[in-house]
Amino acid sequence: MEIYEKVRKYLYENIGHLTTAGTPRYDVKENAWKVPVLCKTERGIIVIGEFELDKDGNFLNIPTKQEMLKTVEMEMERLPYLYYGSKKELDEHKIRPVII
């Protein structure tokens with residue numbers, strides 16, 4: 001089974017449909033495949049973990065669901081978001097607008 005498909009299937013069956021595998025890359029020094037875990041959020045797609053597989057496609061390291069959830073929480077706190085409101089509403093919520 002292809003590396004990408006193996007990780008994607010594991011995520012779908014064990015974590016949920018909002019996660020998927022990113023592009024696998026082969027680490028020559030470690031002789032292992034590294035596959036990022038991508039998560040769809042309301043603020044975009046973020047990387048929340050990484051699988052490691054040996055050259056034959058056997059799992060070496062699988063991030064736990066708890067680790068990935070913690071990463072999502074931490075990343076969501078850091079990500080900017082759009083908030084549409086009047087100056088009065090922004091002031092009431094103590095939101096400082098950023099001009100782009």
# chains A, B, ... in the order shown; residues from 1 in each chain; ligands from 1
$ residues_around --residues "Tyr10 (chain A)" --least-positions-apart "5" --cutoff "12 Å" --atoms "only C-alpha atoms" --output "list in words"
Ile3, Tyr4, Glu5, Ile15, Gly16, His17, Thr19, Thr20, Ala21, Val37, Phe51, Phe59, Ile62, Pro63, Thr64 and Lys65 of chain A
$ select_by_dssp --residues "chain A" --states "helix (DSSP H, G or I)" --output "PDB file with C-alpha atoms, in the first residue's frame"
ATOM      1  CA  ILE A   3       2.564   5.512   2.085  1.00  0.00           C
ATOM      2  CA  TYR A   4       0.115   8.388   1.595  1.00  0.00           C
ATOM      3  CA  GLU A   5      -2.906   6.077   1.365  1.00  0.00           C
ATOM      4  CA  LYS A   6      -1.845   4.085   4.417  1.00  0.00           C
ATOM      5  CA  VAL A   7      -1.641   7.211   6.597  1.00  0.00           C
ATOM      6  CA  ARG A   8      -4.815   8.720   5.105  1.00  0.00           C
ATOM      7  CA  LYS A   9      -6.764   5.533   5.810  1.00  0.00           C
ATOM      8  CA  TYR A  10      -5.453   5.337   9.379  1.00  0.00           C
ATOM      9  CA  LEU A  11      -6.484   8.941  10.048  1.00  0.00           C
ATOM     10  CA  TYR A  12      -9.939   8.487   8.569  1.00  0.00           C
ATOM     11  CA  GLU A  13     -10.618   5.306  10.533  1.00  0.00           C
ATOM     12  CA  ASN A  14      -9.076   6.381  13.863  1.00  0.00           C
ATOM     13  CA  LYS A  65      -5.317  11.865  19.116  1.00  0.00           C
ATOM     14  CA  GLN A  66      -4.679  13.820  22.327  1.00  0.00           C
ATOM     15  CA  GLU A  67      -1.398  15.216  20.959  1.00  0.00           C
ATOM     16  CA  MET A  68      -3.077  16.311  17.762  1.00  0.00           C
ATOM     17  CA  LEU A  69      -6.032  17.891  19.599  1.00  0.00           C
ATOM     18  CA  LYS A  70      -3.647  19.840  21.831  1.00  0.00           C
ATOM     19  CA  THR A  71      -1.775  21.064  18.755  1.00  0.00           C
ATOM     20  CA  VAL A  72      -5.033  22.196  17.131  1.00  0.00           C
ATOM     21  CA  GLU A  73      -5.967  24.137  20.270  1.00  0.00           C
ATOM     22  CA  MET A  74      -2.551  25.815  20.486  1.00  0.00           C
ATOM     23  CA  GLU A  75      -2.449  26.691  16.785  1.00  0.00           C
ATOM     24  CA  MET A  76      -6.004  28.067  16.773  1.00  0.00           C
ATOM     25  CA  GLU A  77      -5.061  30.503  19.544  1.00  0.00           C
ATOM     26  CA  ARG A  78      -2.241  31.837  17.382  1.00  0.00           C
ATOM     27  CA  LYS A  87     -15.779  50.368  15.352  1.00  0.00           C
ATOM     28  CA  LYS A  88     -18.147  50.406  18.338  1.00  0.00           C
ATOM     29  CA  GLU A  89     -18.499  46.584  18.268  1.00  0.00           C
ATOM     30  CA  LEU A  90     -14.748  46.146  17.994  1.00  0.00           C
ATOM     31  CA  ASP A  91     -14.192  48.475  20.942  1.00  0.00           C
ATOM     32  CA  GLU A  92     -16.824  46.630  23.019  1.00  0.00           C
TER      33      GLU A  92
END
$ atom_distance --atom1 "CA of Glu2 (chain A)" --atom2 "CA of Gly57 (chain A)"
7.8 Å
$ select_by_dssp --residues "region 15-97 of chain A" --states "strand (DSSP E or B)" --output "ChimeraX atom specification"
/A:19-21,25-27,32-41,44-54,59-61
$ write_last_selection --atoms "N, CA and C atoms" --output "PDB file, in the first residue's frame"
ATOM      1  N   THR A  19      -9.238  15.307   9.231  1.00  0.00           N
ATOM      2  CA  THR A  19      -7.788  15.158   9.095  1.00  0.00           C
ATOM      3  C   THR A  19      -7.478  14.360   7.839  1.00  0.00           C
ATOM      4  N   THR A  20      -6.285  14.587   7.327  1.00  0.00           N
ATOM      5  CA  THR A  20      -5.813  13.808   6.189  1.00  0.00           C
ATOM      6  C   THR A  20      -4.293  13.836   6.174  1.00  0.00           C
ATOM      7  N   ALA A  21      -3.722  13.008   5.342  1.00  0.00           N
ATOM      8  CA  ALA A  21      -2.263  12.959   5.205  1.00  0.00           C
ATOM      9  C   ALA A  21      -1.795  14.053   4.260  1.00  0.00           C
ATOM     10  N   ARG A  25       7.409  12.572   2.610  1.00  0.00           N
ATOM     11  CA  ARG A  25       8.775  12.867   2.179  1.00  0.00           C
ATOM     12  C   ARG A  25       9.694  11.825   2.824  1.00  0.00           C
ATOM     13  N   TYR A  26      10.693  11.449   2.089  1.00  0.00           N
ATOM     14  CA  TYR A  26      11.613  10.427   2.580  1.00  0.00           C
ATOM     15  C   TYR A  26      12.836  11.085   3.186  1.00  0.00           C
ATOM     16  N   ASP A  27      13.119  10.750   4.447  1.00  0.00           N
ATOM     17  CA  ASP A  27      14.288  11.276   5.158  1.00  0.00           C
ATOM     18  C   ASP A  27      15.423  10.267   4.994  1.00  0.00           C
ATOM     19  N   ALA A  32      13.567   6.840   6.736  1.00  0.00           N
ATOM     20  CA  ALA A  32      12.150   6.724   7.100  1.00  0.00           C
ATOM     21  C   ALA A  32      11.309   7.748   6.342  1.00  0.00           C
ATOM     22  N   TRP A  33      10.038   7.403   6.174  1.00  0.00           N
ATOM     23  CA  TRP A  33       9.060   8.313   5.591  1.00  0.00           C
ATOM     24  C   TRP A  33       8.482   9.201   6.683  1.00  0.00           C
ATOM     25  N   LYS A  34       8.319  10.492   6.375  1.00  0.00           N
ATOM     26  CA  LYS A  34       7.666  11.451   7.275  1.00  0.00           C
ATOM     27  C   LYS A  34       6.420  11.942   6.547  1.00  0.00           C
ATOM     28  N   VAL A  35       5.281  11.859   7.232  1.00  0.00           N
ATOM     29  CA  VAL A  35       4.020  12.273   6.624  1.00  0.00           C
ATOM     30  C   VAL A  35       3.300  13.223   7.574  1.00  0.00           C
ATOM     31  N   PRO A  36       3.143  14.496   7.180  1.00  0.00           N
ATOM     32  CA  PRO A  36       2.447  15.435   8.050  1.00  0.00           C
ATOM     33  C   PRO A  36       0.956  15.113   8.121  1.00  0.00           C
ATOM     34  N   VAL A  37       0.350  15.464   9.249  1.00  0.00           N
ATOM     35  CA  VAL A  37      -1.093  15.319   9.427  1.00  0.00           C
ATOM     36  C   VAL A  37      -1.704  16.704   9.256  1.00  0.00           C
ATOM     37  N   LEU A  38      -2.646  16.810   8.343  1.00  0.00           N
ATOM     38  CA  LEU A  38      -3.317  18.073   8.079  1.00  0.00           C
ATOM     39  C   LEU A  38      -4.716  18.038   8.684  1.00  0.00           C
ATOM     40  N   CYS A  39      -5.133  19.179   9.230  1.00  0.00           N
ATOM     41  CA  CYS A  39      -6.456  19.277   9.838  1.00  0.00           C
ATOM     42  C   CYS A  39      -7.187  20.480   9.267  1.00  0.00           C
ATOM     43  N   LYS A  40      -8.433  20.262   8.845  1.00  0.00           N
ATOM     44  CA  LYS A  40      -9.256  21.340   8.319  1.00  0.00           C
ATOM     45  C   LYS A  40      -9.936  22.054   9.475  1.00  0.00           C
ATOM     46  N   THR A  41      -9.761  23.377   9.554  1.00  0.00           N
ATOM     47  CA  THR A  41     -10.398  24.181  10.594  1.00  0.00           C
ATOM     48  C   THR A  41     -11.132  25.343   9.923  1.00  0.00           C
ATOM     49  N   GLY A  44      -8.641  27.620   8.236  1.00  0.00           N
ATOM     50  CA  GLY A  44      -7.746  27.081   7.218  1.00  0.00           C
ATOM     51  C   GLY A  44      -7.218  25.711   7.605  1.00  0.00           C
ATOM     52  N   ILE A  45      -6.305  25.212   6.819  1.00  0.00           N
ATOM     53  CA  ILE A  45      -5.712  23.889   7.040  1.00  0.00           C
ATOM     54  C   ILE A  45      -4.392  24.074   7.770  1.00  0.00           C
ATOM     55  N   ILE A  46      -4.224  23.319   8.867  1.00  0.00           N
ATOM     56  CA  ILE A  46      -2.999  23.430   9.655  1.00  0.00           C
ATOM     57  C   ILE A  46      -2.371  22.048   9.847  1.00  0.00           C
ATOM     58  N   VAL A  47      -1.065  22.051  10.068  1.00  0.00           N
ATOM     59  CA  VAL A  47      -0.331  20.812  10.357  1.00  0.00           C
ATOM     60  C   VAL A  47      -0.430  20.563  11.857  1.00  0.00           C
ATOM     61  N   ILE A  48      -0.887  19.351  12.236  1.00  0.00           N
ATOM     62  CA  ILE A  48      -1.085  19.059  13.657  1.00  0.00           C
ATOM     63  C   ILE A  48      -0.293  17.852  14.151  1.00  0.00           C
ATOM     64  N   GLY A  49       0.526  17.274  13.321  1.00  0.00           N
ATOM     65  CA  GLY A  49       1.320  16.123  13.738  1.00  0.00           C
ATOM     66  C   GLY A  49       2.089  15.550  12.570  1.00  0.00           C
ATOM     67  N   GLU A  50       2.786  14.449  12.842  1.00  0.00           N
ATOM     68  CA  GLU A  50       3.575  13.809  11.795  1.00  0.00           C
ATOM     69  C   GLU A  50       3.706  12.315  12.074  1.00  0.00           C
ATOM     70  N   PHE A  51       3.412  11.525  11.064  1.00  0.00           N
ATOM     71  CA  PHE A  51       3.628  10.076  11.121  1.00  0.00           C
ATOM     72  C   PHE A  51       5.035   9.786  10.649  1.00  0.00           C
ATOM     73  N   GLU A  52       5.591   8.694  11.152  1.00  0.00           N
ATOM     74  CA  GLU A  52       6.878   8.224  10.672  1.00  0.00           C
ATOM     75  C   GLU A  52       6.729   6.753  10.337  1.00  0.00           C
ATOM     76  N   LEU A  53       7.168   6.382   9.142  1.00  0.00           N
ATOM     77  CA  LEU A  53       7.083   4.999   8.678  1.00  0.00           C
ATOM     78  C   LEU A  53       8.447   4.566   8.160  1.00  0.00           C
ATOM     79  N   ASP A  54       8.761   3.287   8.300  1.00  0.00           N
ATOM     80  CA  ASP A  54      10.036   2.799   7.766  1.00  0.00           C
ATOM     81  C   ASP A  54       9.935   2.689   6.248  1.00  0.00           C
ATOM     82  N   PHE A  59       4.516   1.450  10.394  1.00  0.00           N
ATOM     83  CA  PHE A  59       4.465   2.600  11.281  1.00  0.00           C
ATOM     84  C   PHE A  59       5.572   2.534  12.326  1.00  0.00           C
ATOM     85  N   LEU A  60       6.318   3.617  12.483  1.00  0.00           N
ATOM     86  CA  LEU A  60       7.335   3.741  13.527  1.00  0.00           C
ATOM     87  C   LEU A  60       6.841   4.667  14.632  1.00  0.00           C
ATOM     88  N   ASN A  61       6.132   5.731  14.229  1.00  0.00           N
ATOM     89  CA  ASN A  61       5.598   6.689  15.193  1.00  0.00           C
ATOM     90  C   ASN A  61       4.265   7.210  14.686  1.00  0.00           C
TER      91      ASN A  61
END
$ atom_distance --atom1 "CA of Leu18 (chain A)" --atom2 "CA of Leu82 (chain A)"
21.5 Å
